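Have a look at upload_36.csv below; it lists CSV, C-alpha atoms.
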```
chain,number,residue,atom,x,y,z
A,46,GLY,CA,3.3,14.7,-5.0
A,47,GLU,CA,5.1,12.5,-2.6
A,48,SER,CA,5.8,9.0,-3.7
A,49,VAL,CA,8.2,6.1,-3.2
A,50,GLY,CA,8.9,4.0,-6.3
A,51,LEU,CA,11.3,1.5,-7.9
A,52,HIS,CA,13.1,1.9,-11.2
A,53,LEU,CA,13.1,-1.8,-12.0
A,54,PRO,CA,10.2,-4.1,-11.4
A,55,THR,CA,12.2,-7.3,-12.0
A,56,LEU,CA,15.8,-8.3,-11.6
A,57,SER,CA,17.3,-11.6,-12.6
A,58,VAL,CA,20.8,-12.6,-11.4
A,59,GLN,CA,23.0,-15.6,-11.2
A,60,GLU,CA,23.9,-17.2,-7.9
A,61,GLY,CA,27.0,-15.6,-6.5
A,62,ASP,CA,26.5,-12.3,-8.3
A,63,ASN,CA,25.9,-9.1,-6.5
A,64,SER,CA,22.4,-7.6,-6.8
A,65,ILE,CA,21.4,-4.0,-6.7
A,66,ILE,CA,17.8,-2.9,-6.2
A,67,ASN,CA,16.9,0.7,-6.6
A,68,CYS,CA,14.2,3.0,-5.1
A,69,ALA,CA,13.4,6.7,-5.8
A,70,TYR,CA,11.5,9.0,-3.5
A,71,SER,CA,10.2,12.4,-4.3
A,72,ASN,CA,9.5,14.0,-0.9
A,73,SER,CA,12.6,15.8,0.5
A,74,ALA,CA,11.1,15.6,3.9
A,75,SER,CA,11.5,11.8,3.9
A,76,ASP,CA,14.1,11.0,6.5
A,77,TYR,CA,13.8,7.3,7.4
A,78,PHE,CA,13.9,4.4,5.0
A,79,ILE,CA,13.4,0.7,5.3
A,80,TRP,CA,14.0,-2.3,3.0
A,81,TYR,CA,11.7,-5.3,3.3
A,82,LYS,CA,11.9,-8.7,1.8
A,83,GLN,CA,8.7,-10.6,1.0
A,84,GLU,CA,8.7,-14.3,0.1
A,85,SER,CA,5.8,-15.9,-1.7
A,86,GLY,CA,2.9,-16.4,0.6
A,87,LYS,CA,4.6,-14.6,3.5
A,88,GLY,CA,4.4,-11.1,5.0
A,89,PRO,CA,7.2,-8.6,4.6
A,90,GLN,CA,10.3,-9.1,6.6
A,91,PHE,CA,12.6,-6.3,7.8
A,92,ILE,CA,16.0,-6.3,6.2
A,93,ILE,CA,17.8,-3.0,7.0
A,94,ASP,CA,17.0,0.6,7.6
A,95,ILE,CA,18.8,4.0,7.2
A,96,ARG,CA,18.2,7.5,8.4
A,97,SER,CA,18.8,10.6,6.3
A,98,ASN,CA,21.8,11.6,8.3
A,99,MET,CA,23.6,8.6,6.9
A,100,ASP,CA,24.8,7.8,3.4
A,101,LYS,CA,25.5,4.1,3.9
A,102,ARG,CA,24.6,1.3,6.3
A,103,GLN,CA,25.8,-2.3,6.2
A,104,GLY,CA,24.2,-5.5,7.5
A,105,GLN,CA,25.0,-9.1,6.9
A,106,ARG,CA,25.5,-9.4,3.1
A,107,VAL,CA,23.3,-6.3,2.6
A,108,THR,CA,24.2,-2.6,2.2
A,109,VAL,CA,21.8,0.3,1.8
A,110,LEU,CA,23.0,3.5,0.1
A,111,LEU,CA,21.2,6.8,0.4
A,112,ASN,CA,21.8,9.7,-2.0
A,113,LYS,CA,19.8,12.6,-0.8
A,114,THR,CA,20.9,14.9,-3.6
A,115,VAL,CA,19.0,12.8,-6.2
A,116,LYS,CA,16.5,11.3,-3.7
A,117,HIS,CA,17.6,7.7,-4.4
A,118,LEU,CA,17.9,4.7,-2.3
A,119,SER,CA,19.5,1.3,-3.2
A,120,LEU,CA,19.8,-2.1,-1.6
A,121,GLN,CA,22.9,-4.1,-2.4
A,122,ILE,CA,23.0,-7.9,-1.8
A,123,ALA,CA,26.4,-9.5,-1.9
A,124,ALA,CA,26.9,-13.0,-3.2
A,125,THR,CA,23.2,-13.4,-4.0
A,126,GLN,CA,21.8,-16.9,-3.1
A,127,PRO,CA,18.7,-18.7,-4.4
A,128,GLY,CA,17.1,-18.0,-1.0
A,129,ASP,CA,17.3,-14.3,-1.7
A,130,SER,CA,14.6,-14.7,-4.4
A,131,ALA,CA,11.7,-12.6,-3.3
A,132,VAL,CA,10.0,-9.3,-3.8
A,133,TYR,CA,11.9,-6.4,-2.2
A,134,PHE,CA,10.1,-3.2,-1.1
A,135,CYS,CA,11.4,0.1,0.1
A,136,ALA,CA,9.4,2.2,2.5
A,137,GLU,CA,9.7,5.6,3.8
A,138,THR,CA,8.4,7.7,6.7
A,139,ARG,CA,9.1,11.1,8.2
A,140,GLY,CA,9.8,12.1,11.7
A,141,GLY,CA,7.7,14.6,13.5
A,142,THR,CA,4.4,12.8,12.7
A,143,SER,CA,2.4,11.3,15.5
A,144,TYR,CA,2.8,7.7,14.2
A,145,GLY,CA,5.4,7.7,11.4
A,146,LYS,CA,3.2,6.1,8.7
A,147,LEU,CA,5.1,4.1,6.2
A,148,THR,CA,4.7,4.6,2.5
A,149,PHE,CA,5.7,1.6,0.4
A,150,GLY,CA,7.1,1.4,-3.1
A,151,GLN,CA,5.6,-1.1,-5.5
A,152,GLY,CA,8.3,-3.7,-5.2
A,153,THR,CA,11.0,-5.4,-7.2
A,154,ILE,CA,11.0,-9.1,-8.0
A,155,LEU,CA,14.4,-10.6,-7.6
A,156,THR,CA,15.0,-14.0,-9.2
A,157,VAL,CA,18.3,-15.8,-8.5
A,158,HIS,CA,19.3,-18.5,-10.9
A,159,PRO,CA,21.4,-21.4,-9.6
B,288,ASN,CA,7.4,-17.7,19.3
B,289,ALA,CA,4.2,-17.2,17.4
B,290,GLY,CA,4.8,-13.6,16.5
B,291,VAL,CA,1.9,-12.1,14.6
B,292,THR,CA,-0.9,-14.5,13.8
B,293,GLN,CA,-3.6,-13.8,11.2
B,294,THR,CA,-6.8,-15.8,10.7
B,295,PRO,CA,-8.2,-16.9,8.4
B,296,LYS,CA,-5.5,-17.4,5.7
B,297,PHE,CA,-8.1,-17.4,2.9
B,298,GLN,CA,-11.7,-16.2,2.7
B,299,VAL,CA,-14.2,-15.8,-0.1
B,300,LEU,CA,-17.2,-13.5,0.5
B,301,LYS,CA,-20.2,-12.3,-1.5
B,302,THR,CA,-20.8,-8.6,-2.0
B,303,GLY,CA,-22.5,-7.2,1.0
B,304,GLN,CA,-21.4,-9.8,3.5
B,305,SER,CA,-19.6,-8.7,6.6
B,306,MET,CA,-16.6,-10.4,8.3
B,307,THR,CA,-13.8,-9.8,10.7
B,308,LEU,CA,-10.1,-10.5,10.0
B,309,GLN,CA,-8.3,-11.5,13.2
B,310,CYS,CA,-4.9,-10.4,14.2
B,311,ALA,CA,-3.1,-11.4,17.4
B,312,GLN,CA,0.5,-10.8,18.6
B,313,ASP,CA,2.3,-12.3,21.6
B,314,MET,CA,5.2,-9.8,21.8
B,315,ASN,CA,3.4,-7.2,24.0
B,316,HIS,CA,3.8,-4.6,21.3
B,317,GLU,CA,1.9,-1.4,21.7
B,318,TYR,CA,1.8,-0.5,18.0
B,319,MET,CA,-0.3,-2.5,15.5
B,320,SER,CA,-1.5,-1.7,12.0
B,321,TRP,CA,-3.4,-3.2,9.1
B,322,TYR,CA,-2.3,-2.9,5.5
B,323,ARG,CA,-3.7,-4.1,2.2
B,324,GLN,CA,-1.6,-5.2,-0.7
B,325,ASP,CA,-2.9,-5.2,-4.3
B,326,PRO,CA,-1.2,-6.6,-7.4
B,327,GLY,CA,1.6,-4.4,-8.6
B,328,MET,CA,1.3,-2.0,-5.6
B,329,GLY,CA,3.0,-1.7,-2.3
B,330,LEU,CA,1.3,-2.0,1.0
B,331,ARG,CA,-1.1,0.7,1.9
B,332,LEU,CA,-2.0,1.5,5.5
B,333,ILE,CA,-5.7,1.0,6.4
B,334,HIS,CA,-5.9,1.7,10.2
B,335,TYR,CA,-3.4,1.7,13.0
B,336,SER,CA,-3.3,1.7,16.8
B,337,VAL,CA,-0.7,3.1,19.2
B,338,GLY,CA,-2.1,1.2,22.2
B,339,ALA,CA,-5.2,-0.5,23.7
B,340,GLY,CA,-8.2,1.8,23.2
B,341,ILE,CA,-6.6,4.0,20.7
B,342,THR,CA,-7.0,3.7,16.9
B,343,ASP,CA,-6.6,6.0,13.9
B,344,GLN,CA,-7.1,6.0,10.2
B,345,GLY,CA,-4.4,5.4,7.7
B,346,GLU,CA,-4.3,6.0,4.0
B,347,VAL,CA,-7.3,3.9,2.8
B,348,PRO,CA,-9.7,3.5,5.8
B,349,ASN,CA,-13.1,3.6,4.0
B,350,GLY,CA,-15.1,0.5,4.3
B,351,TYR,CA,-13.1,-0.8,7.3
B,352,ASN,CA,-13.5,-0.6,11.1
B,353,VAL,CA,-11.1,-1.5,13.8
B,354,SER,CA,-11.0,-1.7,17.6
B,355,ARG,CA,-8.3,-2.4,20.1
B,356,SER,CA,-9.7,-3.7,23.4
B,357,THR,CA,-6.5,-5.5,24.4
B,358,THR,CA,-2.8,-5.1,23.6
B,359,GLU,CA,-2.7,-8.5,21.9
B,360,ASP,CA,-5.6,-8.3,19.5
B,361,PHE,CA,-6.4,-5.9,16.6
B,362,PRO,CA,-9.3,-7.1,14.5
B,363,LEU,CA,-10.3,-5.6,11.2
B,364,ARG,CA,-14.0,-5.5,10.2
B,365,LEU,CA,-15.5,-5.3,6.8
B,366,LEU,CA,-19.1,-4.1,7.3
B,367,SER,CA,-20.4,-4.6,3.8
B,368,ALA,CA,-17.8,-6.3,1.5
B,369,ALA,CA,-17.3,-4.8,-2.0
B,370,PRO,CA,-15.3,-6.3,-4.9
B,371,SER,CA,-12.8,-3.4,-4.6
B,372,GLN,CA,-11.8,-4.9,-1.2
B,373,THR,CA,-10.5,-8.0,-2.8
B,374,SER,CA,-6.9,-8.0,-1.7
B,375,VAL,CA,-4.3,-9.5,0.6
B,376,TYR,CA,-4.4,-8.1,4.1
B,377,PHE,CA,-1.4,-7.9,6.4
B,378,CYS,CA,-1.3,-7.1,10.1
B,379,ALA,CA,1.9,-5.8,11.7
B,380,SER,CA,3.0,-5.0,15.2
B,381,SER,CA,6.0,-3.2,16.7
B,382,ALA,CA,7.3,-2.0,20.0
B,383,ASP,CA,7.3,1.6,18.9
B,384,ARG,CA,6.5,3.8,16.0
B,385,PRO,CA,7.9,2.8,12.6
B,386,TYR,CA,10.2,5.9,12.8
B,387,SER,CA,11.8,4.7,16.0
B,388,ASN,CA,14.0,1.9,14.6
B,389,GLN,CA,11.7,-0.7,16.0
B,390,PRO,CA,11.0,-3.0,13.1
B,391,GLN,CA,7.5,-4.0,12.3
B,392,HIS,CA,6.7,-7.7,12.5
B,393,PHE,CA,4.2,-8.8,9.8
B,394,GLY,CA,1.8,-11.7,9.8
B,395,ASP,CA,1.5,-14.0,6.8
B,396,GLY,CA,-1.6,-12.3,5.5
B,397,THR,CA,-5.3,-13.0,4.8
B,398,ARG,CA,-6.2,-13.5,1.1
B,399,LEU,CA,-9.7,-12.1,0.7
B,400,SER,CA,-11.8,-12.4,-2.4
B,401,ILE,CA,-15.1,-10.6,-2.8
B,402,LEU,CA,-17.5,-12.0,-5.5
```

What does the file become when written as structure tokens?
Amino acid sequence: GESVGLHLPTLSVQEGDNSIINCAYSNSASDYFIWYKQESGKGPQFIIDIRSNMDKRQGQRVTVLLNKTVKHLSLQIAATQPGDSAVYFCAETRGGTSYGKLTFGQGTILTVHP
Amino acid sequence: NAGVTQTPKFQVLKTGQSMTLQCAQDMNHEYMSWYRQDPGMGLRLIHYSVGAGITDQGEVPNGYNVSRSTTEDFPLRLLSAAPSQTSVYFCASSADRPYSNQPQHFGDGTRLSIL
């Protein structure tokens, strides 16, 4: 069946290190992916997105990589800071639907130690 | 800017009670949606709306009703609360469909407990 999931539920890093958060999807029809950050007591916050016609997209300190061959998505955070500590979700949707309903993964908890 | 405002932030209900979770946005967004978030799980879509007067079901609509009489407001109603509806509820809005690169803006959630 279709699903979006994460390989690692928790990730602990030292301040200044680079972080990599992974996500797998099983539906080859998925063609649009989004990463969200959720801080404690808050709603998800958009970080970056990527379409299936791209392999890589960069933002400020973040990079998303898409490997369609193995249906794998990753979020790289450069020079991780304590303020990056949060739960990170990937979400996917598919074009051609009337709304583009998002399917979320279960989330990865990122903890950054000073 | 207020963005997406959800009220109340916390609520405790008894089984069988009804209540309405409020959601309001001040960005003139056409698209609004309700999600629930359970421990260890990602957000799941309950209902959504593509404009005033238009609503549709998401992934887990049973036990919930919605209406969209104005662009700004999208209330979620629990007609007869059940313990399985204990969850954190998030409302989101966007200028266009999620597929269209228009990011969804989320409220800070309503934490609902059903006893």

>> Within 7 Å of (3.3, -10.9, 9.4) in the file's own coordinates, which protein, DNA or RNA residues have an atom, counting only C-alpha atoms? List them as a count of residues only.
In response: 11

>> I'd like to know which of B:Asn349, B:Thr397, B:Thr294, B:Gln312 is closest to Thr373 (chain B), using all atoms listed in the file.
In response: B:Thr397

>> One decimal, in Å: what's the spacing between CA of Trp80 (chain A) and CA of Leu363 (chain B)?
In response: 25.9 Å

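For the atom pair formed by CA of Ser75 (chain A) and CA of Arg384 (chain B), the distance is 15.3 Å, given to one decimal.
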
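Proximity to Thr292 (chain B) was assessed for A:Lys87, A:Met99, A:Gly104, A:Thr148 counting only C-alpha atoms; the smallest distance is recorded for A:Lys87.
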
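A straight line drawn from CA of Val347 (chain B) to CA of Ser97 (chain A) is 27.2 Å long.
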
> chain A residues within 8 Å of chain B, counting all atoms listed in the file: which ones, as a PyMOL selection string?
Replying inline: chain A and resi 77+86-91+94+134+138-140+144-152

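In terms of minimum interatomic distance to Thr108 (chain A), A:Ile66 ranks closest within A:Gln59, A:Gln83, A:Asp76, A:Ile66, counting all atoms listed in the file.
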
>> Here is a test: counting only C-alpha atoms, which residue of B:Ala289, B:Val299, B:Ile341, B:Val353 is nearest to Leu365 (chain B)?
In response: B:Val353

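The smallest atom-to-atom distance between Ala124 (chain A) and any of A:Val58, A:Ala69, A:Ile79, A:Leu110, using only C-alpha atoms, is found for A:Val58.
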
Is it possible to get the residues within 8 Å of (-1.0, -6.0, 25.2) (coordinates as in the file, counting only C-alpha atoms) written as a PDB file with C-alpha atoms, in the coordinates of the input?
```
ATOM      1  CA  ASP B 313       2.300 -12.300  21.600  1.00  0.00           C
ATOM      2  CA  ASN B 315       3.400  -7.200  24.000  1.00  0.00           C
ATOM      3  CA  HIS B 316       3.800  -4.600  21.300  1.00  0.00           C
ATOM      4  CA  GLU B 317       1.900  -1.400  21.700  1.00  0.00           C
ATOM      5  CA  GLY B 338      -2.100   1.200  22.200  1.00  0.00           C
ATOM      6  CA  ALA B 339      -5.200  -0.500  23.700  1.00  0.00           C
ATOM      7  CA  THR B 357      -6.500  -5.500  24.400  1.00  0.00           C
ATOM      8  CA  THR B 358      -2.800  -5.100  23.600  1.00  0.00           C
ATOM      9  CA  GLU B 359      -2.700  -8.500  21.900  1.00  0.00           C
ATOM     10  CA  ASP B 360      -5.600  -8.300  19.500  1.00  0.00           C
TER      11      ASP B 360
END
```

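Minimum atom-to-atom distance to Ser119 (chain A), evaluated using only C-alpha atoms, belongs to A:Thr153 out of A:Thr153, A:Asn98, A:Ser57, A:Ser85.
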